[in-house]
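Only one structure is covered here, and it is reproduced in the block below.
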Amino acid sequence: MQATLERQQIKSNENTLVTLYMSVMGVASLILTHQLLTGWIALGKRANISRHELNLTEWFVAAIAFCLGMGALRTAWGWFSGEGEVALKWAQWMALIFMVAGFVIDMNAVLSATDGNNFADRFSWATSVVGLVILAVSYYVYQTVSRGRENTPIKYIGIQLSESPSAGAIIGFVAILAGFSMATTLFLEPTSVASVLSNNATKGIIAIGITILMISGEFDLSVGSVLGVASMVFMLGMTEGFDILGQHFGPYSVTVSALIALALASLLGLINGILLITTRIPSFIVTLGTLFAYRAITLVGIAGGRILRYRDYYNEFPQLHLNRWFIILPAVIAIGALGYLIYYLTPNFWRHFLNAREAAAQGGKPFGTLFAGVSLLRLLVTIGLLVVIIGWLVLVVMYHAERLDRNLQVGFFDVANGRWAFTLEEVTDPIRSVFAPTVTIPRDANFRMAIVWWLVLVAVFQIILMNTPYGNSVFAVGGNIGAARAQGINANLVKVQNFVLCSFLTGVAAIFEVARNPGVDPLKGDTWELEVIAMTVIGGTLLTGGYGSIIGTMLGVLIFGMLQTGLVLVGMDSRMFQGVVGTIMIIAVILNNISKRNR
């Protein structure tokens, strides 16, 4: 190993083994990619599907196999050409990844055989042996290239996890995803993925507010009742209107009704915050009281056990009349943003390429090292992808500018939380004559627009929490309120703002829920507060405050959803779900506490 680091031309048996191993694994991975993409190897559910049409599982595995193949070949070349430290790091990481791949292959052979009866007949000995061989050889290679090294990949991963507030969520997400994927081929099917995302997107929106509130040292048990009130007000605003002090107001348009619902939800959050700072009562007691008080509003407002249904008042769902520039303008902005990204990235990639070439030349291999070539390739691939995206957006603008009327009519419920009833060919309609992909979103997959809004809100609030003074104030107040006040932070104002924000996001979730199922009953959102808090805790946020992240909460929501769907798919009694969630919640808290102590 030391000879390799010193760039000496010594070909030991270990060096030869590493080069040969990476070459074989790289070629095998690329062959697997080819066989998957051409349909000669089929994965997952293949009933009534052409060999030239790939399901989600096959695309997923093919992408991973291609990346592993390219990484292994790059490692083999670097080791053969004597790149030294760079090649050694590549070899360590690739050997570790192939160790994991071998373990996954072996476990897949075992777990897939348990999906039904006759374990002995379903068990694939060939697959199991391949997995064990890859695992054993990869382990030996990893031990070889890591011998005497302090900064190994396993230690690096451990350090990164110990510093992350989402360590427990990351470990849980990977373990549950891998476990269910190997246990049943149905888990990665689009219908199952849609079930995980669509059933929990609105809860994920509420969890964003709960996360920020818990980081500041408080939490809200009333969000389920707030959701019910906001849903009722939104529906009444569109249908019956309101009777206030003997005066009748409404009904209003869908946008005005949505604004009223959001305003009322924010007001309920403001009441929670004011009660907290004026009475000095713990937030558990305050929000437990308002949970019952706010629920009484829906019980009285929707009396007699009836359900408010939009269809009982109107035959058609509400429509929005938008100018066509509402579609064209975002595309134009995206084109400008991507153009700026190219302008920003190109000098950095080019500078990196020149530095790599200069380092290679000083090492006696002018322009011969693949490291410099990879830098140039990364530059070209990045620019190429961005140019393709820009070209597609330009075609979209031209297509819609010519074919759309001045005013575009869209359903409000469809935009808020409508179902994705389209295929990829329809999305790429402007360029179908040039590019006709075979990947489709099945009509029976219940993907909803709330998924998009949830992911957008996750990205926005993660940036706000981690990169703004407001986010710093939230962490400071939850971590040490006395020190925060000493720094001039108005702790009471921060907590009130967080209560309002939490209820506002709950109001947003209420609108999305009504858009998905236009009916409101008196118990709308009942027990949601417990589920959302469980998602947040699983995601790494501590009840003691000062610790957590929005990304971790997103993983907690996905873990919650994967358990809901996965337990059913593997044939486990659905009544076990709550017990499994409780167990994982306790394990997540233990891991998060360990992570916090290590940090």
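Chains: A, B, ... in order of the structure tokens. Residues: from 1 per chain. Ligands: from 1, in order shown.
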
Need the shell around Ile277 of chain A: protein/DNA/RNA residues with any atom at most 10 Å away, counting only C-alpha atoms. Skip same-chain ones fewer than 4 positions apart. Format as a PDB file with N, CA and C atoms, in the first residue's frame?
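Produced file out-v4.pdb, reproduced below:
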```
ATOM      1  N   ASN A 272     -52.623  30.172  21.060  1.00  0.00           N
ATOM      2  CA  ASN A 272     -51.747  29.230  21.769  1.00  0.00           C
ATOM      3  C   ASN A 272     -50.495  29.917  22.281  1.00  0.00           C
ATOM      4  N   GLY A 273     -49.855  30.716  21.431  1.00  0.00           N
ATOM      5  CA  GLY A 273     -48.618  31.381  21.822  1.00  0.00           C
ATOM      6  C   GLY A 273     -48.820  32.398  22.923  1.00  0.00           C
ATOM      7  N   ILE A 281     -47.663  28.584  31.621  1.00  0.00           N
ATOM      8  CA  ILE A 281     -48.026  27.176  31.713  1.00  0.00           C
ATOM      9  C   ILE A 281     -47.284  26.414  30.621  1.00  0.00           C
ATOM     10  N   PRO A 282     -46.816  25.200  30.887  1.00  0.00           N
ATOM     11  CA  PRO A 282     -46.123  24.434  29.839  1.00  0.00           C
ATOM     12  C   PRO A 282     -47.006  24.254  28.607  1.00  0.00           C
ATOM     13  N   SER A 283     -46.350  24.209  27.461  1.00  0.00           N
ATOM     14  CA  SER A 283     -47.093  24.098  26.202  1.00  0.00           C
ATOM     15  C   SER A 283     -47.897  22.805  26.126  1.00  0.00           C
ATOM     16  N   ALA A 491     -37.127  35.847  23.075  1.00  0.00           N
ATOM     17  CA  ALA A 491     -37.531  34.444  23.096  1.00  0.00           C
ATOM     18  C   ALA A 491     -39.049  34.293  23.008  1.00  0.00           C
ATOM     19  N   ASN A 492     -39.785  35.155  23.710  1.00  0.00           N
ATOM     20  CA  ASN A 492     -41.243  35.061  23.676  1.00  0.00           C
ATOM     21  C   ASN A 492     -41.776  35.296  22.263  1.00  0.00           C
ATOM     22  N   LEU A 493     -41.205  36.284  21.570  1.00  0.00           N
ATOM     23  CA  LEU A 493     -41.649  36.572  20.206  1.00  0.00           C
ATOM     24  C   LEU A 493     -41.363  35.390  19.289  1.00  0.00           C
ATOM     25  N   LYS A 495     -41.197  32.228  20.070  1.00  0.00           N
ATOM     26  CA  LYS A 495     -42.126  31.129  20.352  1.00  0.00           C
ATOM     27  C   LYS A 495     -43.519  31.421  19.814  1.00  0.00           C
ATOM     28  N   VAL A 496     -43.984  32.650  19.964  1.00  0.00           N
ATOM     29  CA  VAL A 496     -45.299  33.011  19.426  1.00  0.00           C
ATOM     30  C   VAL A 496     -45.284  32.882  17.905  1.00  0.00           C
TER      31      VAL A 496
END
```

Counting only C-alpha atoms, which residues of segment 260-311 of chain A sit at most 12 Å from some atom of segment 209-220 of chain A, and what is each one's closest atom pair with its distance in Å to one decimal, listed by chain and rising residue number, as JSON lines?
```
{"residue": "A:Ser266", "atom": "CA", "partner": "A:Gly209", "partner_atom": "CA", "distance": 11.9}
{"residue": "A:Leu268", "atom": "CA", "partner": "A:Asp220", "partner_atom": "CA", "distance": 11.3}
{"residue": "A:Gly269", "atom": "CA", "partner": "A:Asp220", "partner_atom": "CA", "distance": 9.0}
{"residue": "A:Leu270", "atom": "CA", "partner": "A:Asp220", "partner_atom": "CA", "distance": 11.9}
{"residue": "A:Ile271", "atom": "CA", "partner": "A:Asp220", "partner_atom": "CA", "distance": 11.8}
{"residue": "A:Asn272", "atom": "CA", "partner": "A:Asp220", "partner_atom": "CA", "distance": 8.4}
{"residue": "A:Gly273", "atom": "CA", "partner": "A:Asp220", "partner_atom": "CA", "distance": 9.8}
{"residue": "A:Leu276", "atom": "CA", "partner": "A:Glu218", "partner_atom": "CA", "distance": 9.5}
{"residue": "A:Ile277", "atom": "CA", "partner": "A:Glu218", "partner_atom": "CA", "distance": 11.3}
{"residue": "A:Ile281", "atom": "CA", "partner": "A:Glu218", "partner_atom": "CA", "distance": 11.2}
{"residue": "A:Pro282", "atom": "CA", "partner": "A:Glu218", "partner_atom": "CA", "distance": 8.1}
{"residue": "A:Ser283", "atom": "CA", "partner": "A:Glu218", "partner_atom": "CA", "distance": 5.9}
{"residue": "A:Phe284", "atom": "CA", "partner": "A:Phe219", "partner_atom": "CA", "distance": 6.9}
{"residue": "A:Ile285", "atom": "CA", "partner": "A:Asp220", "partner_atom": "CA", "distance": 9.6}
{"residue": "A:Val286", "atom": "CA", "partner": "A:Asp220", "partner_atom": "CA", "distance": 8.5}
{"residue": "A:Thr287", "atom": "CA", "partner": "A:Asp220", "partner_atom": "CA", "distance": 5.6}
{"residue": "A:Leu288", "atom": "CA", "partner": "A:Asp220", "partner_atom": "CA", "distance": 8.0}
{"residue": "A:Gly289", "atom": "CA", "partner": "A:Asp220", "partner_atom": "CA", "distance": 10.6}
{"residue": "A:Thr290", "atom": "CA", "partner": "A:Asp220", "partner_atom": "CA", "distance": 9.4}
{"residue": "A:Leu291", "atom": "CA", "partner": "A:Asp220", "partner_atom": "CA", "distance": 8.9}
```

Self-check item: 8 Å contact set for Gly168 of chain A, only C-alpha atoms, chain neighbours under 6 positions out, as a list in words
Solution: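 Everything that qualifies: Ile538, Gly539, Gly540, Ala588, Val589, Leu591 and Asn592 of chain A.
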
Quiz item: Leaving out Ser257 of chain A and any residue of its chain fewer than 6 positions from it, which residues lie within 7 Å of it when counting only C-alpha atoms, given as a PyMOL selection string?
Solution: chain A and resi 234+237-238

Quiz prompt | Of the listed residues A:Glu58, A:Glu529, A:Asp521, A:Glu85, that which approaches Arg306 of chain A most closely, counting only C-alpha atoms | solution =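 Residue with the minimum atom-to-atom distance to Arg306 of chain A: A:Asp521.
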
Quiz item: Closest to Leu68 of chain A among A:Ala42, A:Met572, A:Val27, A:Gln143, using only C-alpha atoms?
Solution: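 Distance minimum relative to Leu68 of chain A lands on A:Val27.
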
Exercise. May I ask for the distance between atom CA of Asp573 of chain A and atom CA of Gly561 of chain A, given in Å to one decimal place?
Key: 15.9 Å

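Take atom CA of Phe512 of chain A and atom CA of Tyr547 of chain A: the distance between them is 28.9 Å.
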
Self-check item: Residue nearest Ser162 of chain A - candidates A:Thr565, A:Ala510, A:Tyr470, A:Ile594, atoms counted: only C-alpha atoms
Solution: A:Ile594
